[in-house]
$ cat my_file.pdb   # PDB, C-alpha atoms and all ligand atoms
ATOM      1  CA  MET A   1     -44.250  29.624  22.703
ATOM      2  CA  SER A   2     -42.988  26.081  22.048
ATOM      3  CA  ILE A   3     -44.696  23.110  20.471
ATOM      4  CA  GLY A   4     -43.694  19.499  20.997
ATOM      5  CA  THR A   5     -45.206  16.733  18.903
ATOM      6  CA  ALA A   6     -45.073  12.948  18.923
ATOM      7  CA  CYS A   7     -46.311  10.147  16.661
ATOM      8  CA  GLY A   8     -48.601   7.216  17.310
ATOM      9  CA  LYS A   9     -47.388   3.636  17.016
ATOM     10  CA  ILE A  10     -48.523   0.166  16.176
ATOM     11  CA  ILE A  11     -47.098  -3.155  17.361
ATOM     12  CA  LEU A  12     -46.495  -5.509  14.427
ATOM     13  CA  PHE A  13     -45.439  -8.652  16.296
ATOM     14  CA  GLY A  14     -44.758  -9.854  19.825
ATOM     15  CA  GLU A  15     -47.176  -8.034  22.170
ATOM     16  CA  HIS A  16     -47.718  -9.620  25.593
ATOM     17  CA  ALA A  17     -44.780 -12.023  25.189
ATOM     18  CA  VAL A  18     -42.621  -8.871  25.270
ATOM     19  CA  VAL A  19     -43.619  -8.388  28.923
ATOM     20  CA  TYR A  20     -41.890 -11.760  29.588
ATOM     21  CA  GLY A  21     -38.545 -10.963  28.003
ATOM     22  CA  ARG A  22     -39.334 -11.934  24.406
ATOM     23  CA  PRO A  23     -38.665  -9.589  21.457
ATOM     24  CA  ALA A  24     -41.338  -7.467  19.758
ATOM     25  CA  LEU A  25     -41.462  -5.297  16.647
ATOM     26  CA  ALA A  26     -43.239  -1.945  16.535
ATOM     27  CA  VAL A  27     -43.389   0.896  14.028
ATOM     28  CA  PRO A  28     -44.230   4.588  14.348
ATOM     29  CA  LEU A  29     -47.358   6.030  12.721
ATOM     30  CA  SER A  30     -45.964   9.423  11.872
ATOM     31  CA  GLN A  31     -49.121  10.745  10.205
ATOM     32  CA  MET A  32     -51.061  10.432  13.482
ATOM     33  CA  ARG A  33     -49.777  12.905  16.074
ATOM     34  CA  ALA A  34     -50.211  14.414  19.517
ATOM     35  CA  SER A  35     -48.992  17.914  20.346
ATOM     36  CA  ALA A  36     -48.280  20.009  23.409
ATOM     37  CA  THR A  37     -48.061  23.797  23.286
ATOM     38  CA  VAL A  38     -46.145  25.466  26.106
ATOM     39  CA  GLU A  39     -46.665  29.189  26.742
ATOM     40  CA  PRO A  40     -45.954  31.633  29.554
ATOM     41  CA  GLY A  41     -48.772  31.412  32.120
ATOM     42  CA  GLN A  42     -51.216  34.243  32.775
ATOM     43  CA  ALA A  43     -51.531  33.240  36.429
ATOM     44  CA  GLN A  44     -49.305  31.749  39.068
ATOM     45  CA  GLY A  45     -48.666  28.016  38.657
ATOM     46  CA  ILE A  46     -48.854  25.517  35.839
ATOM     47  CA  VAL A  47     -52.100  24.648  34.111
ATOM     48  CA  ILE A  48     -52.497  21.699  31.733
ATOM     49  CA  ARG A  49     -55.407  21.829  29.319
ATOM     50  CA  ALA A  50     -56.563  18.892  27.217
ATOM     51  CA  ARG A  51     -58.925  20.478  24.723
ATOM     52  CA  ASP A  52     -60.152  17.166  23.270
ATOM     53  CA  LEU A  53     -61.104  15.913  26.729
ATOM     54  CA  GLY A  54     -62.368  19.291  27.902
ATOM     55  CA  SER A  55     -60.162  19.029  30.979
ATOM     56  CA  GLU A  56     -58.078  21.595  32.812
ATOM     57  CA  VAL A  57     -55.811  20.656  35.695
ATOM     58  CA  TRP A  58     -53.595  22.860  37.845
ATOM     59  CA  LEU A  59     -50.401  21.048  38.673
ATOM     60  CA  GLN A  60     -50.625  21.838  42.388
ATOM     61  CA  ASP A  61     -54.144  20.297  42.561
ATOM     62  CA  ALA A  62     -53.475  17.237  40.412
ATOM     63  CA  THR A  63     -53.878  13.753  41.850
ATOM     64  CA  LEU A  64     -50.932  11.355  41.818
ATOM     65  CA  ASP A  65     -52.485   9.194  39.113
ATOM     66  CA  ASP A  66     -52.856  12.114  36.689
ATOM     67  CA  ALA A  67     -50.481  11.129  33.889
ATOM     68  CA  LEU A  68     -50.227  14.580  32.317
ATOM     69  CA  ALA A  69     -49.367  16.183  35.655
ATOM     70  CA  ARG A  70     -46.903  13.413  36.403
ATOM     71  CA  ILE A  71     -44.965  13.782  33.151
ATOM     72  CA  THR A  72     -44.943  17.569  33.578
ATOM     73  CA  ARG A  73     -43.489  17.302  37.095
ATOM     74  CA  LEU A  74     -40.938  14.689  36.077
ATOM     75  CA  THR A  75     -39.768  16.754  33.123
ATOM     76  CA  LEU A  76     -39.467  19.973  35.140
ATOM     77  CA  ASP A  77     -37.516  18.110  37.838
ATOM     78  CA  THR A  78     -35.220  16.515  35.258
ATOM     79  CA  LEU A  79     -34.555  19.851  33.559
ATOM     80  CA  GLU A  80     -34.305  21.540  36.991
ATOM     81  CA  VAL A  81     -36.575  24.383  35.872
ATOM     82  CA  ASN A  82     -39.870  25.897  36.938
ATOM     83  CA  GLY A  83     -42.194  28.749  36.018
ATOM     84  CA  ASP A  84     -45.772  29.856  35.411
ATOM     85  CA  LEU A  85     -46.898  27.946  32.351
ATOM     86  CA  GLU A  86     -49.883  27.052  30.226
ATOM     87  CA  ILE A  87     -49.594  23.659  28.583
ATOM     88  CA  THR A  88     -52.218  22.741  26.006
ATOM     89  CA  VAL A  89     -52.347  19.223  24.639
ATOM     90  CA  ALA A  90     -54.200  18.024  21.556
ATOM     91  CA  SER A  91     -54.190  14.648  19.875
ATOM     92  CA  GLU A  92     -55.385  12.992  16.677
ATOM     93  CA  ILE A  93     -54.630   9.576  18.163
ATOM     94  CA  PRO A  94     -57.674   7.588  19.338
ATOM     95  CA  LEU A  95     -57.538   6.742  23.046
ATOM     96  CA  ALA A  96     -57.189   3.197  24.431
ATOM     97  CA  SER A  97     -56.942   1.664  20.962
ATOM     98  CA  GLY A  98     -53.375   0.398  20.841
ATOM     99  CA  PHE A  99     -51.981   3.466  19.063
ATOM    100  CA  GLY A 100     -49.967   4.577  22.077
ATOM    101  CA  SER A 101     -52.005   7.735  22.647
ATOM    102  CA  GLY A 102     -50.936   8.066  26.294
ATOM    103  CA  ALA A 103     -47.229   7.725  25.529
ATOM    104  CA  ALA A 104     -47.552  10.119  22.573
ATOM    105  CA  ILE A 105     -49.188  12.865  24.641
ATOM    106  CA  SER A 106     -46.568  12.462  27.366
ATOM    107  CA  THR A 107     -43.764  12.564  24.789
ATOM    108  CA  ALA A 108     -45.224  15.734  23.261
ATOM    109  CA  ILE A 109     -45.266  17.383  26.713
ATOM    110  CA  VAL A 110     -41.625  16.442  27.390
ATOM    111  CA  ARG A 111     -40.554  17.797  23.985
ATOM    112  CA  GLY A 112     -42.617  20.976  24.365
ATOM    113  CA  LEU A 113     -41.165  21.713  27.809
ATOM    114  CA  ALA A 114     -37.587  20.918  26.782
ATOM    115  CA  ASP A 115     -37.908  23.228  23.792
ATOM    116  CA  TYR A 116     -39.519  25.998  25.872
ATOM    117  CA  PHE A 117     -36.543  25.954  28.248
ATOM    118  CA  GLY A 118     -34.049  25.729  25.372
ATOM    119  CA  ARG A 119     -32.915  22.228  26.243
ATOM    120  CA  THR A 120     -32.393  19.046  24.255
ATOM    121  CA  LEU A 121     -33.139  15.582  25.562
ATOM    122  CA  THR A 122     -32.091  12.392  23.772
ATOM    123  CA  ALA A 123     -34.708   9.919  22.536
ATOM    124  CA  ASP A 124     -33.675   7.590  25.328
ATOM    125  CA  GLU A 125     -33.996  10.263  28.029
ATOM    126  CA  ILE A 126     -37.482  11.113  26.734
ATOM    127  CA  SER A 127     -38.432   7.452  26.570
ATOM    128  CA  MET A 128     -37.351   6.843  30.179
ATOM    129  CA  LEU A 129     -39.376   9.803  31.462
ATOM    130  CA  VAL A 130     -42.466   8.674  29.555
ATOM    131  CA  TYR A 131     -42.011   5.114  30.839
ATOM    132  CA  GLU A 132     -42.750   6.435  34.326
ATOM    133  CA  THR A 133     -46.213   7.580  33.207
ATOM    134  CA  GLU A 134     -46.822   4.397  31.213
ATOM    135  CA  LYS A 135     -46.844   2.591  34.558
ATOM    136  CA  LEU A 136     -50.011   4.504  35.430
ATOM    137  CA  TYR A 137     -51.787   3.151  32.331
ATOM    138  CA  HIS A 138     -50.326  -0.331  32.157
ATOM    139  CA  GLY A 139     -49.231  -1.555  35.562
ATOM    140  CA  THR A 140     -46.228  -3.543  34.276
ATOM    141  CA  PRO A 141     -45.449  -2.040  30.871
ATOM    142  CA  SER A 142     -42.656  -3.510  28.781
ATOM    143  CA  GLY A 143     -41.726  -0.004  27.640
ATOM    144  CA  ILE A 144     -42.200  -0.699  23.933
ATOM    145  CA  ASP A 145     -44.720   2.154  23.421
ATOM    146  CA  ASN A 146     -42.576   4.921  24.907
ATOM    147  CA  THR A 147     -39.531   3.560  23.055
ATOM    148  CA  VAL A 148     -40.949   3.427  19.534
ATOM    149  CA  ILE A 149     -42.663   6.798  20.005
ATOM    150  CA  ALA A 150     -39.611   8.586  21.426
ATOM    151  CA  TYR A 151     -37.321   7.144  18.717
ATOM    152  CA  GLU A 152     -39.935   7.467  15.931
ATOM    153  CA  GLN A 153     -38.299   4.562  14.132
ATOM    154  CA  ALA A 154     -39.114   0.914  13.535
ATOM    155  CA  ILE A 155     -37.831  -0.825  16.650
ATOM    156  CA  HIS A 156     -36.846  -4.332  17.629
ATOM    157  CA  PHE A 157     -37.388  -4.254  21.369
ATOM    158  CA  VAL A 158     -36.453  -6.597  24.198
ATOM    159  CA  ARG A 159     -36.881  -6.013  27.894
ATOM    160  CA  ARG A 160     -34.898  -8.544  29.861
ATOM    161  CA  PRO A 161     -36.351  -9.921  33.122
ATOM    162  CA  ASN A 162     -33.847  -7.738  35.053
ATOM    163  CA  GLY A 163     -35.400  -4.662  33.419
ATOM    164  CA  GLU A 164     -32.542  -4.029  30.970
ATOM    165  CA  ARG A 165     -33.771  -2.943  27.556
ATOM    166  CA  GLU A 166     -32.322  -3.730  24.145
ATOM    167  CA  ILE A 167     -33.496  -1.218  21.579
ATOM    168  CA  THR A 168     -32.505  -1.874  17.993
ATOM    169  CA  PRO A 169     -33.895   0.456  15.328
ATOM    170  CA  PHE A 170     -34.268  -1.410  12.025
ATOM    171  CA  GLN A 171     -34.988  -0.615   8.402
ATOM    172  CA  VAL A 172     -37.954  -2.088   6.569
ATOM    173  CA  ALA A 173     -36.222  -3.187   3.341
ATOM    174  CA  ARG A 174     -39.334  -3.130   1.143
ATOM    175  CA  PRO A 175     -42.361  -0.971   2.056
ATOM    176  CA  PHE A 176     -45.620  -2.828   2.615
ATOM    177  CA  THR A 177     -49.248  -1.832   3.003
ATOM    178  CA  LEU A 178     -50.774  -2.239   6.433
ATOM    179  CA  LEU A 179     -54.504  -1.929   7.001
ATOM    180  CA  ILE A 180     -55.471  -1.100  10.572
ATOM    181  CA  ALA A 181     -59.080  -1.736  11.563
ATOM    182  CA  ASN A 182     -60.401  -0.398  14.841
ATOM    183  CA  THR A 183     -62.869  -2.691  16.640
ATOM    184  CA  GLY A 184     -64.279   0.383  18.402
ATOM    185  CA  ILE A 185     -63.922  -1.446  21.683
ATOM    186  CA  ALA A 186     -61.763   0.408  24.190
ATOM    187  CA  SER A 187     -59.907  -2.322  26.026
ATOM    188  CA  PRO A 188     -57.530  -1.140  28.741
ATOM    189  CA  THR A 189     -54.160  -2.838  28.307
ATOM    190  CA  LYS A 190     -53.817  -3.102  32.082
ATOM    191  CA  ILE A 191     -56.659  -5.650  32.174
ATOM    192  CA  THR A 192     -55.410  -7.993  29.442
ATOM    193  CA  VAL A 193     -51.834  -7.741  30.755
ATOM    194  CA  GLY A 194     -53.172  -8.685  34.217
ATOM    195  CA  ASP A 195     -55.174 -11.622  32.813
ATOM    196  CA  VAL A 196     -52.150 -12.965  30.942
ATOM    197  CA  ARG A 197     -50.136 -12.673  34.148
ATOM    198  CA  ARG A 198     -52.747 -14.677  36.068
ATOM    199  CA  GLY A 199     -52.767 -17.326  33.325
ATOM    200  CA  TRP A 200     -48.968 -17.512  33.431
ATOM    201  CA  GLU A 201     -48.975 -17.804  37.227
ATOM    202  CA  GLN A 202     -51.512 -20.656  37.077
ATOM    203  CA  ASP A 203     -49.835 -22.563  34.251
ATOM    204  CA  PRO A 204     -46.333 -21.233  33.665
ATOM    205  CA  MET A 205     -45.273 -24.126  31.384
ATOM    206  CA  ARG A 206     -48.138 -23.550  28.955
ATOM    207  CA  TYR A 207     -47.580 -19.788  28.820
ATOM    208  CA  GLU A 208     -43.794 -20.054  28.513
ATOM    209  CA  LYS A 209     -44.323 -22.353  25.525
ATOM    210  CA  ILE A 210     -46.602 -19.765  23.914
ATOM    211  CA  PHE A 211     -44.133 -16.930  24.602
ATOM    212  CA  TYR A 212     -41.302 -19.046  23.202
ATOM    213  CA  ALA A 213     -43.288 -19.604  20.005
ATOM    214  CA  VAL A 214     -43.992 -15.856  19.736
ATOM    215  CA  GLY A 215     -40.266 -15.143  20.139
ATOM    216  CA  GLY A 216     -39.557 -17.410  17.165
ATOM    217  CA  ILE A 217     -42.235 -15.704  15.051
ATOM    218  CA  VAL A 218     -40.783 -12.281  15.868
ATOM    219  CA  ARG A 219     -37.293 -13.393  14.825
ATOM    220  CA  GLU A 220     -38.641 -14.712  11.516
ATOM    221  CA  ALA A 221     -40.631 -11.519  10.985
ATOM    222  CA  GLN A 222     -37.632  -9.306  11.610
ATOM    223  CA  SER A 223     -35.535 -11.252   9.180
ATOM    224  CA  ALA A 224     -38.355 -11.097   6.585
ATOM    225  CA  LEU A 225     -38.679  -7.318   7.035
ATOM    226  CA  ALA A 226     -34.926  -6.748   6.890
ATOM    227  CA  ASN A 227     -34.586  -8.869   3.721
ATOM    228  CA  GLY A 228     -37.651  -7.542   1.899
ATOM    229  CA  GLU A 229     -39.375 -10.936   2.058
ATOM    230  CA  ASN A 230     -42.754  -9.324   2.623
ATOM    231  CA  GLU A 231     -44.652 -12.295   1.198
ATOM    232  CA  GLN A 232     -43.955 -14.050   4.512
ATOM    233  CA  LEU A 233     -45.607 -11.409   6.686
ATOM    234  CA  GLY A 234     -49.204 -12.600   6.272
ATOM    235  CA  ALA A 235     -48.495 -16.152   7.431
ATOM    236  CA  LEU A 236     -46.383 -14.852  10.314
ATOM    237  CA  MET A 237     -49.266 -12.625  11.409
ATOM    238  CA  GLN A 238     -51.621 -15.615  11.323
ATOM    239  CA  ARG A 239     -49.242 -17.616  13.511
ATOM    240  CA  ASN A 240     -48.809 -14.768  15.986
ATOM    241  CA  GLN A 241     -52.593 -14.349  16.159
ATOM    242  CA  ALA A 242     -53.035 -18.047  16.998
ATOM    243  CA  GLU A 243     -50.622 -17.641  19.920
ATOM    244  CA  LEU A 244     -52.415 -14.483  21.108
ATOM    245  CA  ALA A 245     -55.722 -16.359  20.996
ATOM    246  CA  ALA A 246     -54.093 -19.140  23.054
ATOM    247  CA  MET A 247     -53.101 -16.493  25.616
ATOM    248  CA  GLY A 248     -56.784 -15.523  25.859
ATOM    249  CA  VAL A 249     -56.564 -11.974  24.534
ATOM    250  CA  SER A 250     -58.504 -12.354  21.289
ATOM    251  CA  SER A 251     -62.288 -11.863  21.205
ATOM    252  CA  PRO A 252     -65.246 -12.686  18.953
ATOM    253  CA  GLU A 253     -65.167  -9.128  17.538
ATOM    254  CA  ILE A 254     -61.484  -9.440  16.672
ATOM    255  CA  GLU A 255     -61.989 -12.867  15.096
ATOM    256  CA  ARG A 256     -64.911 -11.545  13.053
ATOM    257  CA  LEU A 257     -62.783  -8.750  11.586
ATOM    258  CA  LEU A 258     -59.915 -11.155  10.911
ATOM    259  CA  ASP A 259     -62.210 -13.609   9.098
ATOM    260  CA  ALA A 260     -63.762 -10.830   7.005
ATOM    261  CA  GLY A 261     -60.372  -9.405   6.034
ATOM    262  CA  GLN A 262     -59.056 -12.832   5.185
ATOM    263  CA  LEU A 263     -62.061 -13.636   2.991
ATOM    264  CA  ALA A 264     -61.601 -10.320   1.190
ATOM    265  CA  GLY A 265     -58.050 -11.280   0.285
ATOM    266  CA  ALA A 266     -55.804  -9.900   3.039
ATOM    267  CA  ARG A 267     -52.500 -11.776   3.177
ATOM    268  CA  GLY A 268     -52.818 -12.242   6.923
ATOM    269  CA  GLY A 269     -53.802 -10.429  10.056
ATOM    270  CA  LYS A 270     -53.653 -10.300  13.820
ATOM    271  CA  LEU A 271     -54.743  -8.202  16.744
ATOM    272  CA  SER A 272     -52.298  -5.494  17.735
ATOM    273  CA  GLY A 273     -51.611  -4.330  21.288
ATOM    274  CA  GLY A 274     -53.396  -5.470  24.404
ATOM    275  CA  GLY A 275     -56.257  -7.273  22.630
ATOM    276  CA  ARG A 276     -59.981  -7.952  23.385
ATOM    277  CA  GLY A 277     -60.629  -4.731  21.464
ATOM    278  CA  GLY A 278     -58.413  -2.030  20.039
ATOM    279  CA  ASN A 279     -56.969  -2.709  16.617
ATOM    280  CA  VAL A 280     -56.628  -5.519  14.168
ATOM    281  CA  ILE A 281     -53.861  -5.233  11.555
ATOM    282  CA  PHE A 282     -53.659  -6.835   8.112
ATOM    283  CA  HIS A 283     -50.945  -7.123   5.544
ATOM    284  CA  VAL A 284     -52.709  -6.307   2.270
ATOM    285  CA  ASP A 285     -51.703  -5.781  -1.335
ATOM    286  CA  GLU A 286     -52.096  -2.121  -2.180
ATOM    287  CA  GLU A 287     -54.599  -2.837  -4.984
ATOM    288  CA  ASN A 288     -56.707  -4.932  -2.623
ATOM    289  CA  ALA A 289     -56.808  -2.495   0.301
ATOM    290  CA  GLY A 290     -60.187  -1.006  -0.728
ATOM    291  CA  THR A 291     -61.878  -4.422  -0.844
ATOM    292  CA  VAL A 292     -60.487  -5.444   2.553
ATOM    293  CA  GLN A 293     -61.468  -2.063   3.995
ATOM    294  CA  GLU A 294     -65.081  -2.513   2.859
ATOM    295  CA  ALA A 295     -65.183  -6.048   4.226
ATOM    296  CA  VAL A 296     -63.937  -5.145   7.691
ATOM    297  CA  LEU A 297     -66.229  -2.120   7.900
ATOM    298  CA  GLY A 298     -69.093  -4.474   6.987
ATOM    299  CA  ALA A 299     -67.957  -6.801   9.763
ATOM    300  CA  GLY A 300     -68.139  -4.109  12.430
ATOM    301  CA  ALA A 301     -64.907  -2.100  12.310
ATOM    302  CA  VAL A 302     -65.616   1.509  13.286
ATOM    303  CA  SER A 303     -62.691   2.975  11.339
ATOM    304  CA  VAL A 304     -59.916   1.874   9.057
ATOM    305  CA  ILE A 305     -56.488   3.329   8.336
ATOM    306  CA  VAL A 306     -54.433   2.216   5.360
ATOM    307  CA  THR A 307     -50.774   3.109   5.655
ATOM    308  CA  VAL A 308     -47.497   2.178   4.027
ATOM    309  CA  ILE A 309     -44.837   0.978   6.465
ATOM    310  CA  GLY A 310     -41.209   1.558   5.581
ATOM    311  CA  LYS A 311     -41.728   4.446   3.152
ATOM    312  CA  THR A 312     -38.895   6.935   3.466
TER     313      THR A 312
HETATM  314  O1  LIG A 401     -52.129  -1.829  23.890
HETATM  315  P1  LIG A 401     -50.822  -1.279  23.461
HETATM  316  O2  LIG A 401     -50.670  -1.107  21.997
HETATM  317  O3  LIG A 401     -50.358  -0.124  24.250
HETATM  318  O4  LIG A 401     -49.734  -2.429  23.674
HETATM  319  C1  LIG A 401     -49.575  -3.158  24.808
HETATM  320  C2  LIG A 401     -48.483  -4.122  24.549
HETATM  321  C3  LIG A 401     -48.359  -5.205  25.595
HETATM  322  O5  LIG A 401     -47.304  -6.047  25.157
HETATM  323  C4  LIG A 401     -49.641  -6.020  25.676
HETATM  324  C5  LIG A 401     -48.039  -4.633  26.958
HETATM  325  C6  LIG A 401     -46.659  -4.019  27.068
HETATM  326  O6  LIG A 401     -46.446  -3.301  28.040
HETATM  327  O7  LIG A 401     -45.792  -4.285  26.230
END
$ encode --input "my_file.pdb" --output "structure tokens"
Amino acid sequence: MSIGTACGKIILFGEHAVVYGRPALAVPLSQMRASATVEPGQAQGIVIRARDLGSEVWLQDATLDDALARITRLTLDTLEVNGDLEITVASEIPLASGFGSGAAISTAIVRGLADYFGRTLTADEISMLVYETEKLYHGTPSGIDNTVIAYEQAIHFVRRPNGEREITPFQVARPFTLLIANTGIASPTKITVGDVRRGWEQDPMRYEKIFYAVGGIVREAQSALANGENEQLGALMQRNQAELAAMGVSSPEIERLLDAGQLAGARGGKLSGGGRGGNVIFHVDEENAGTVQEAVLGAGAVSVIVTVIGKT
């Protein structure tokens, strides 16, 4: 039996603009994991069970848009192996919330299968396989989710318009406390990405200006993180949020959580991921995290995670 696991992730800065060639910063959430157990099958064929979803799919019956079947096929083809197998996936990562649950489950399957067949794949090979399934969820994904999850490191990510990727792992010089509040609204990334694309097609000048501004914010944020200037993060988050709102991907629920967190003393905050739901992130002082947590729960957040980013 082999077990592959993978972490969740959160985007700190640069979502959406990253689809248009601008940089973004994302970090792994190592405490939140998905796993895939691979065992010899009892019957002929390959069965994939997702206990949390109560689903069971035989590979030969799976539809083309089944992401778990797709990553299984791709991995077996890449490794040039086959067999009768039982794959069981489980995940602690909430679905459709901006934590990269889809990419994490796919990554866990690739790792579980590689281990089962005694093979090693590099982080980049895993990331490229998982990118293929991300297309099913996202339409035109930048690839940031599969990258940060496969590398399990803080990543500065750029995807050039020709599809070339620049992946630069970076160190967070001084750990900081991040509070992640879930709006409880599942908002498929495909929809907000599509809406931003339509906006950009209708008014490219306006959107390019927004993306340019986001690029600048990301550069400042990376320099702040690399130099331990964490006191700048809050204001940078506020600026990034204003640009996301201008893109049309904020929502009244997101704004309500941001206002509540701000009033309770958060240093700054923004939505994270596709927007219109999913998560809101705040930079908070450790001693203030409890107060901000209470405030955002009072303002409608369904769950809150407080985590330290950059702790080794
Ligand atoms: O919703 P998430 O956390 O999977 O992030 C989506 C990030 C976008 O920039 C909006 C889309 C992408 O493919 O990068």
$ residues_near_ligand --input "my_file.pdb" --ligand "ligand LIG 401 (chain A)" --cutoff "9 Å" --atoms "all atoms listed in the file" --output "VMD selection string"
chain A and resid 9 to 11 14 to 19 24 96 to 103 134 to 135 137 to 145 187 to 190 192 to 193 272 to 275 278 to 279
$ closest_residue --input "my_file.pdb" --among "A:Glu243, A:Leu29, A:Thr5, A:Gln153" --to "Lys209 of chain A" --atoms "only C-alpha atoms"
A:Glu243
$ resolve_selection --input "my_file.pdb" --expression "the PyMOL selection byres (((chain A and resi 302-310) around 6) and not hetatm)" --output "list of chain:residue names"
A:Val172, A:Pro175, A:Phe176, A:Thr177, A:Leu178, A:Leu179, A:Ile180, A:Ala181, A:Asn182, A:Gly184, A:Ala301, A:Lys311
$ closest_residue --input "my_file.pdb" --among "A:Leu225, A:Ile46, A:Val196, A:Ile167" --to "Tyr20 of chain A" --atoms "only C-alpha atoms"
A:Val196
$ resolve_selection --input "my_file.pdb" --expression "the PyMOL selection byres (((chain A and resi 53) around 12) and not hetatm)" --output "PyMOL selection string"
chain A and resi 48-52+54-57+88-92+94-95
$ write_last_selection --input "my_file.pdb" --atoms "C-alpha atoms" --output "PDB file, in the frame of the given file"
ATOM      1  CA  ILE A  48     -52.497  21.699  31.733  1.00  0.00           C
ATOM      2  CA  ARG A  49     -55.407  21.829  29.319  1.00  0.00           C
ATOM      3  CA  ALA A  50     -56.563  18.892  27.217  1.00  0.00           C
ATOM      4  CA  ARG A  51     -58.925  20.478  24.723  1.00  0.00           C
ATOM      5  CA  ASP A  52     -60.152  17.166  23.270  1.00  0.00           C
ATOM      6  CA  GLY A  54     -62.368  19.291  27.902  1.00  0.00           C
ATOM      7  CA  SER A  55     -60.162  19.029  30.979  1.00  0.00           C
ATOM      8  CA  GLU A  56     -58.078  21.595  32.812  1.00  0.00           C
ATOM      9  CA  VAL A  57     -55.811  20.656  35.695  1.00  0.00           C
ATOM     10  CA  THR A  88     -52.218  22.741  26.006  1.00  0.00           C
ATOM     11  CA  VAL A  89     -52.347  19.223  24.639  1.00  0.00           C
ATOM     12  CA  ALA A  90     -54.200  18.024  21.556  1.00  0.00           C
ATOM     13  CA  SER A  91     -54.190  14.648  19.875  1.00  0.00           C
ATOM     14  CA  GLU A  92     -55.385  12.992  16.677  1.00  0.00           C
ATOM     15  CA  PRO A  94     -57.674   7.588  19.338  1.00  0.00           C
ATOM     16  CA  LEU A  95     -57.538   6.742  23.046  1.00  0.00           C
TER      17      LEU A  95
END
$ residues_around --input "my_file.pdb" --residues "Asn240 of chain A" --least-positions-apart "4" --cutoff "8 Å" --atoms "all atoms listed in the file" --output "number ranges by chain"
A: 13-14, 214, 217, 236, 244, 270
$ write_last_selection --input "my_file.pdb" --atoms "C-alpha atoms" --output "compact mmCIF listing (two decimals), in the frame of the given file"
# COMPACT_ATOMS: atom_id res chain seq x y z
CA PHE A 13 -45.44 -8.65 16.30
CA GLY A 14 -44.76 -9.85 19.82
CA VAL A 214 -43.99 -15.86 19.74
CA ILE A 217 -42.24 -15.70 15.05
CA LEU A 236 -46.38 -14.85 10.31
CA LEU A 244 -52.42 -14.48 21.11
CA LYS A 270 -53.65 -10.30 13.82
$ closest_residue --input "my_file.pdb" --among "A:Ala43, A:Ala6, A:Ala224, A:Leu233" --to "Val130 of chain A" --atoms "all atoms listed in the file"
A:Ala6
$ closest_residue --input "my_file.pdb" --among "A:Ala104, A:Ala260, A:His283, A:Arg206" --to "Met237 of chain A" --atoms "all atoms listed in the file"
A:His283
$ atom_distance --input "my_file.pdb" --atom1 "atom CA of Ala186 of chain A" --atom2 "atom CA of Pro252 of chain A"
14.5 Å
$ resolve_selection --input "my_file.pdb" --expression "the PyMOL selection byres (((chain A and resi 232) around 12) and not hetatm)" --output "PDB file with C-alpha atoms, in the coordinates of the input"
ATOM      1  CA  PHE A 176     -45.620  -2.828   2.615  1.00  0.00           C
ATOM      2  CA  ILE A 217     -42.235 -15.704  15.051  1.00  0.00           C
ATOM      3  CA  VAL A 218     -40.783 -12.281  15.868  1.00  0.00           C
ATOM      4  CA  GLU A 220     -38.641 -14.712  11.516  1.00  0.00           C
ATOM      5  CA  ALA A 221     -40.631 -11.519  10.985  1.00  0.00           C
ATOM      6  CA  GLN A 222     -37.632  -9.306  11.610  1.00  0.00           C
ATOM      7  CA  SER A 223     -35.535 -11.252   9.180  1.00  0.00           C
ATOM      8  CA  ALA A 224     -38.355 -11.097   6.585  1.00  0.00           C
ATOM      9  CA  LEU A 225     -38.679  -7.318   7.035  1.00  0.00           C
ATOM     10  CA  ALA A 226     -34.926  -6.748   6.890  1.00  0.00           C
ATOM     11  CA  ASN A 227     -34.586  -8.869   3.721  1.00  0.00           C
ATOM     12  CA  GLY A 228     -37.651  -7.542   1.899  1.00  0.00           C
ATOM     13  CA  GLU A 229     -39.375 -10.936   2.058  1.00  0.00           C
ATOM     14  CA  ASN A 230     -42.754  -9.324   2.623  1.00  0.00           C
ATOM     15  CA  GLU A 231     -44.652 -12.295   1.198  1.00  0.00           C
ATOM     16  CA  LEU A 233     -45.607 -11.409   6.686  1.00  0.00           C
ATOM     17  CA  GLY A 234     -49.204 -12.600   6.272  1.00  0.00           C
ATOM     18  CA  ALA A 235     -48.495 -16.152   7.431  1.00  0.00           C
ATOM     19  CA  LEU A 236     -46.383 -14.852  10.314  1.00  0.00           C
ATOM     20  CA  MET A 237     -49.266 -12.625  11.409  1.00  0.00           C
ATOM     21  CA  GLN A 238     -51.621 -15.615  11.323  1.00  0.00           C
ATOM     22  CA  ARG A 239     -49.242 -17.616  13.511  1.00  0.00           C
ATOM     23  CA  ARG A 267     -52.500 -11.776   3.177  1.00  0.00           C
ATOM     24  CA  GLY A 268     -52.818 -12.242   6.923  1.00  0.00           C
ATOM     25  CA  GLY A 269     -53.802 -10.429  10.056  1.00  0.00           C
ATOM     26  CA  HIS A 283     -50.945  -7.123   5.544  1.00  0.00           C
ATOM     27  CA  VAL A 284     -52.709  -6.307   2.270  1.00  0.00           C
TER      28      VAL A 284
END
$ residues_around --input "my_file.pdb" --residues "Val110 of chain A" --least-positions-apart "4" --cutoff "8 Å" --atoms "all atoms listed in the file" --output "list of chain:residue names"
A:Gly4, A:Ile71, A:Thr72, A:Thr75, A:Ser106, A:Ala114, A:Ile126
$ atom_distance --input "my_file.pdb" --atom1 "atom CA of Leu85 of chain A" --atom2 "atom CA of Met32 of chain A"
26.1 Å
$ residues_near_point --input "my_file.pdb" --point "(-33.6, 17.6, 22.5)" --cutoff "12 Å" --atoms "all atoms listed in the file" --output "list in words"
Gly4, Leu79, Thr107, Ala108, Val110, Arg111, Gly112, Leu113, Ala114, Asp115, Tyr116, Phe117, Gly118, Arg119, Thr120, Leu121, Thr122, Ala123, Asp124, Glu125, Ile126, Ser127, Ala150 and Tyr151 of chain A
